[in-house]
Structures are given as C-alpha cells and as structure tokens.
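Report on the following structure.
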Amino acid sequence: MAILRAIDDDVAVTEALRLALEHAVAELGGVGGLIHVGGPESLRGLHLLVSSGLPPALTEPWERVPDTGDLPPARAVREGTRCWLPAEPAPDVGGRPGADRGVATVPLPGPDGPLGALTVLTAVRHAPRPTQWTLLHAIAAWVAGRLDRPLLPKEPSPRERQPGALLRQALEAVRVGSWEWTMATEEVDLDQAGLTVLGFEPGEFDGRADTWMNLVHPDDRPLVTAEVAKALRERTSYGTEYRVRRPDGTIGWVQVRGRVKLADTGQPVGMVGTVWDTTESRSARDAISRALRHMSDGFLTLDHQWRITFLNEEAERVLGAGQELIGRLVWDLTALQVPGLRALCEEAVARSTPSGLDLH
C-alpha cells in the first residue's frame, strides 16, 4: 500500500486507479483486472471505469454489468462482500491439465453501500489467501477514496450476454499457456496459447528447450537459469518474470510458473507449468517505480521470498547500488542485520498490518 500512498494527488483519477488495479493484479499473480462503478439511475448497473491486461475486444461486453446479474462484480456489490469464482477446468492439453483460472472480486466501500467493484482474473483455481483478500480490500478502499468526484461511465453496450458465456470469454481471451519440459530429451511441449504468448506462428516452434531459452533477453538469462536450477535442486515450485525477444523482433514481459515432475526414484525428470503475457502490467509497475524513484524517503520492495525487487535513490544511498542489490535477500544486507527485524516483517505480513523499527 505504500506504493499507492506515494501516488501524487495531481495524477489523473483514471490513471491512479489503473495503477492501483495493476498493483492488485500483480499481488495476486493475476493476468488482468477490472474496476466497475455504479451509474446514475438513468444508467443502472455497473460501468467499466478502467481495465488492465485485457484486450479491448474483450472489455467491450464488460462495459456494463447488470446489477441483477450473477457476474462477480454484481454479486460483490449486491451482497457487499468479497466473491470468488473458480472457472471451469480447462481441457487437458497433451495429456496434462490445462491452465486453471479464477475470478476474485471485492466491493469498493462507500458511506451508503458499495460504490462499485474491483476484480482480478487469476491464473489459479484456488481462492486468494487471507492476506491477499486483506490486501484486495485495502486497495479497494484506496480506490474508493480516489473517487472524490462524479465520473461519467461509458454508454452501455447494446449487447448483453449471459454471465456464464461472458466469464468464459474473459478467461479464454486472457491467454494463459501451458507447457511441459522433458529433461531427458530437452523437449518442450507448448499449447496454442503458450505459442501465442511467446510470439510463435503455427508450425514455427521446433519444440526445443534451447529455442525457448534463446527468446529470453540476454540480461535476464542468468536469473532464469538460476531459478530453474534452484527449483530442480530443491524440488520446489518455479516462478519468475522476464523479458522475451519474440521471433518478430518485439520485446515483451512474460510470467512463467511451474512445478518439478519427479520420477518414482524422487529424481527430477522435467517441469510443467503456465506462461502468460505481463507486458502491460510491467509497464504500469514501471510507471509506479518512476513515481517512487525520487521520493525523499528510502523505499524498497520485496518479492514473496524476501528478495529485493526495487530500490529508490534514497534507499540506494543508504544501502548501496541498486543493481548490485536486486535479487538479494533483504536479511543479507549489512545495514539491515538488526535483531528482531525479520520476525517483525514476517509478523506484519501475516497480520497485514504496518510495523516499524528504529535503525541506528
């Protein structure tokens, strides 16, 4: 939430809300999101205010959500509480489960009832953790606080579709590809969505692991290689975000997640997972980073493994050069080796409450 609190008041409302939505999507490891607000009596229903990670052709049917319908935004507003809807399991691809998805929605709180809803499309079928729900509610409250003046919604689309079909279309349009890597043959099996995310035309991918690795930006390859090796060594899940140079020459960001496959002997034989495009989400996060870069207070962000992902100029002045610290465990920094710091941070995350500690 410190990221959102750092956004200046003179930032346009819709831009501020888009940054908040990107923050919510990133925190849930989502693939896209929507913010709806209620309209005046003459335009009943929920109206799309901002979206992220979803193609324009998809968001059009979501521009107006009937307030009596069963779509998650309508339910969250009507019931005044969070809503989780796992999608139908995707069909098997090449003998392995297809990509799982789900929809998490929280209402935007208002003095006389919900003002609207914030929705995140996730890449998993299990509900968000309690701490993630708490964060979503906090972001929704921040969004509601920025709605300090009337915002005219777009005219409703003349087409209104059934909730089930609309939800399926949303989840299908957000391409989450499936992949499987076989170590013995160094072959990678990608479904059509995965091929699209990586920019391959039909029949263009030769199925070789090296071909995929050659798409990874040279500056990101050491990180990708290290994360894969770590997952194989520790038999743990794998997850990283990196740049790819697609066959047509364009550069984008992708999020890749996977788990290690083990033989009966317990030895790794490969990995299986998902991949999706995060270019738009990354652009928004970069915009937030630029806003934080010149703050007078030191500021840094960590991933779920307590590794540093960003430092602003003041934090670099205190802790050291940013490029040398990115990816390091925060506990390994000499300036932050303070008794009780780790326990305090872990407790703050577990309770989703801010904490403080004086450093001398």
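Simple scheme: letters A, B, ... for chains in structure tokens order, numbers from 1 for residues in each chain, numbers from 1 for ligands in the order shown.
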
Pick out the residues sitting within 6 Å of stretch 45-60 of chain A, and hand them over as a list of chain:residue names; count only C-alpha atoms, and ignore anything fewer than 5 positions along from it in its own chain.
A:Gly32, A:Gly33, A:Leu34, A:Ile35, A:His36, A:Val37, A:Gly38, A:Val65, A:Pro66, A:Asp67, A:Pro153, A:Glu280

Could those residues be written to a file, using N, CA, C and O atoms, as an mmCIF file, in the first residue's frame?
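The result, stored in selection35.cif:
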data_model
loop_
_atom_site.group_PDB
_atom_site.id
_atom_site.type_symbol
_atom_site.label_atom_id
_atom_site.label_comp_id
_atom_site.auth_asym_id
_atom_site.auth_seq_id
_atom_site.Cartn_x
_atom_site.Cartn_y
_atom_site.Cartn_z
ATOM 1 N N GLY A 32 -5.071 -10.113 -15.344
ATOM 2 C CA GLY A 32 -5.821 -8.940 -15.772
ATOM 3 C C GLY A 32 -6.793 -8.523 -14.692
ATOM 4 O O GLY A 32 -7.000 -9.234 -13.701
ATOM 5 N N GLY A 33 -7.382 -7.338 -14.871
ATOM 6 C CA GLY A 33 -8.317 -6.866 -13.867
ATOM 7 C C GLY A 33 -9.259 -5.806 -14.400
ATOM 8 O O GLY A 33 -9.076 -5.270 -15.496
ATOM 9 N N LEU A 34 -10.297 -5.491 -13.598
ATOM 10 C CA LEU A 34 -11.341 -4.535 -13.971
ATOM 11 C C LEU A 34 -11.774 -3.759 -12.736
ATOM 12 O O LEU A 34 -11.784 -4.301 -11.629
ATOM 13 N N ILE A 35 -12.129 -2.501 -12.923
ATOM 14 C CA ILE A 35 -12.779 -1.726 -11.876
ATOM 15 C C ILE A 35 -14.091 -1.197 -12.444
ATOM 16 O O ILE A 35 -14.112 -0.544 -13.488
ATOM 17 N N HIS A 36 -15.200 -1.519 -11.760
ATOM 18 C CA HIS A 36 -16.526 -1.046 -12.147
ATOM 19 C C HIS A 36 -17.056 -0.086 -11.086
ATOM 20 O O HIS A 36 -16.760 -0.244 -9.901
ATOM 21 N N VAL A 37 -17.832 0.892 -11.526
ATOM 22 C CA VAL A 37 -18.514 1.799 -10.598
ATOM 23 C C VAL A 37 -19.990 1.833 -10.950
ATOM 24 O O VAL A 37 -20.385 1.585 -12.104
ATOM 25 N N GLY A 38 -20.810 2.149 -9.951
ATOM 26 C CA GLY A 38 -22.235 2.251 -10.190
ATOM 27 C C GLY A 38 -22.577 3.520 -10.939
ATOM 28 O O GLY A 38 -21.952 4.568 -10.759
ATOM 29 N N VAL A 65 -22.292 -4.038 -16.589
ATOM 30 C CA VAL A 65 -22.668 -5.293 -15.951
ATOM 31 C C VAL A 65 -24.011 -5.068 -15.249
ATOM 32 O O VAL A 65 -24.100 -4.230 -14.344
ATOM 33 N N PRO A 66 -25.078 -5.759 -15.649
ATOM 34 C CA PRO A 66 -26.372 -5.586 -14.986
ATOM 35 C C PRO A 66 -26.258 -5.845 -13.489
ATOM 36 O O PRO A 66 -25.643 -6.826 -13.061
ATOM 37 N N ASP A 67 -26.842 -4.961 -12.672
ATOM 38 C CA ASP A 67 -26.695 -5.121 -11.220
ATOM 39 C C ASP A 67 -27.506 -6.278 -10.662
ATOM 40 O O ASP A 67 -27.352 -6.647 -9.504
ATOM 41 N N PRO A 153 -19.804 7.263 -16.653
ATOM 42 C CA PRO A 153 -19.478 5.973 -17.257
ATOM 43 C C PRO A 153 -19.735 5.999 -18.747
ATOM 44 O O PRO A 153 -20.446 6.866 -19.257
ATOM 45 N N GLU A 280 1.819 -5.294 -20.241
ATOM 46 C CA GLU A 280 1.063 -4.127 -19.802
ATOM 47 C C GLU A 280 1.193 -3.930 -18.296
ATOM 48 O O GLU A 280 1.365 -2.812 -17.811
#

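Counting only C-alpha atoms, A:Trp84 has the following residues at most 10 Å away, ignoring those fewer than 6 positions along the same chain: Pro72, Arg75, Ala76, Gly102, Val103, Ala104, Thr105, Val106, Thr119, Val120, Arg125, His126, Ala127 and Pro128 of chain A.
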
All residues 8 Å or closer to stretch 220-237 of chain A, only C-alpha atoms, same chain fewer than 2 positions away omitted, as a ChimeraX atom specification
/A:213,216-218,239-240,242-243,257-260,268

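Atom to atom, atom CA of A:Trp212 and atom CA of A:Gly270 stand 15.1 Å apart.
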
Fewer than 6 positions away in the same chain doesn't count, so skip those; otherwise give me all residues within 9 Å of A:Leu302, counting only C-alpha atoms, as a VMD selection string.
chain A and resid 308 to 310 327 329 to 330

Give me a file of those residues, with N, CA and C atoms, as a PDB file, in the first residue's frame.
ATOM      1  N   ILE A 308      14.934  -8.487  -2.849  1.00  0.00           N
ATOM      2  CA  ILE A 308      14.714  -7.098  -3.256  1.00  0.00           C
ATOM      3  C   ILE A 308      14.387  -7.034  -4.743  1.00  0.00           C
ATOM      4  N   THR A 309      13.318  -6.322  -5.076  1.00  0.00           N
ATOM      5  CA  THR A 309      12.926  -6.157  -6.480  1.00  0.00           C
ATOM      6  C   THR A 309      13.042  -4.710  -6.948  1.00  0.00           C
ATOM      7  N   PHE A 310      13.111  -3.757  -6.005  1.00  0.00           N
ATOM      8  CA  PHE A 310      13.206  -2.348  -6.391  1.00  0.00           C
ATOM      9  C   PHE A 310      13.736  -1.526  -5.216  1.00  0.00           C
ATOM     10  N   GLY A 327      17.563  -8.713  -6.244  1.00  0.00           N
ATOM     11  CA  GLY A 327      17.610 -10.170  -6.180  1.00  0.00           C
ATOM     12  C   GLY A 327      18.218 -10.719  -4.903  1.00  0.00           C
ATOM     13  N   LEU A 329      18.595 -11.318  -0.801  1.00  0.00           N
ATOM     14  CA  LEU A 329      17.731 -11.394   0.370  1.00  0.00           C
ATOM     15  C   LEU A 329      17.941 -10.153   1.228  1.00  0.00           C
ATOM     16  N   VAL A 330      16.851  -9.549   1.652  1.00  0.00           N
ATOM     17  CA  VAL A 330      16.965  -8.327   2.441  1.00  0.00           C
ATOM     18  C   VAL A 330      17.726  -8.572   3.737  1.00  0.00           C
TER      19      VAL A 330
END

Residue list (helix (DSSP H, G or I), DSSP) for stretch 193-357 of chain A, as a ChimeraX atom specification:
/A:193-198,209-215,221-234,279-293,313-319,322-325,330-332,334-336,341-351

Report as a tab-separated table (two decimals) with N, CA, C and O atoms, in the first residue's frame all protein, DNA and RNA residues lying within 8 Å of A:Ser355, evaluated on only C-alpha atoms, omitting residues in the same chain fewer than 3 positions from it.
chain	number	residue	atom	x	y	z
A	344	LEU	N	9.72	-9.18	12.89
A	344	LEU	CA	8.78	-8.07	12.79
A	344	LEU	C	8.14	-8.02	11.40
A	344	LEU	O	6.93	-7.85	11.27
A	345	CYS	N	8.96	-8.20	10.38
A	345	CYS	CA	8.45	-8.17	9.00
A	345	CYS	C	7.51	-9.33	8.73
A	345	CYS	O	6.45	-9.16	8.11
A	348	ALA	N	4.25	-8.69	10.38
A	348	ALA	CA	3.48	-7.66	9.69
A	348	ALA	C	2.77	-8.23	8.48
A	348	ALA	O	1.61	-7.90	8.19

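Take the candidates A:Ile139, A:Val124, A:Ala117, A:Ile251 and check each one against A:Leu85 using only C-alpha atoms; the shortest distance goes to A:Val124.
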
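The space between atom CA of A:Gly207 and atom CA of A:Val188 spans 5.1 Å.
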
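Taking atom CA of A:Arg328 and atom CA of A:Arg307 as the two end points, the separation is 5.2 Å.
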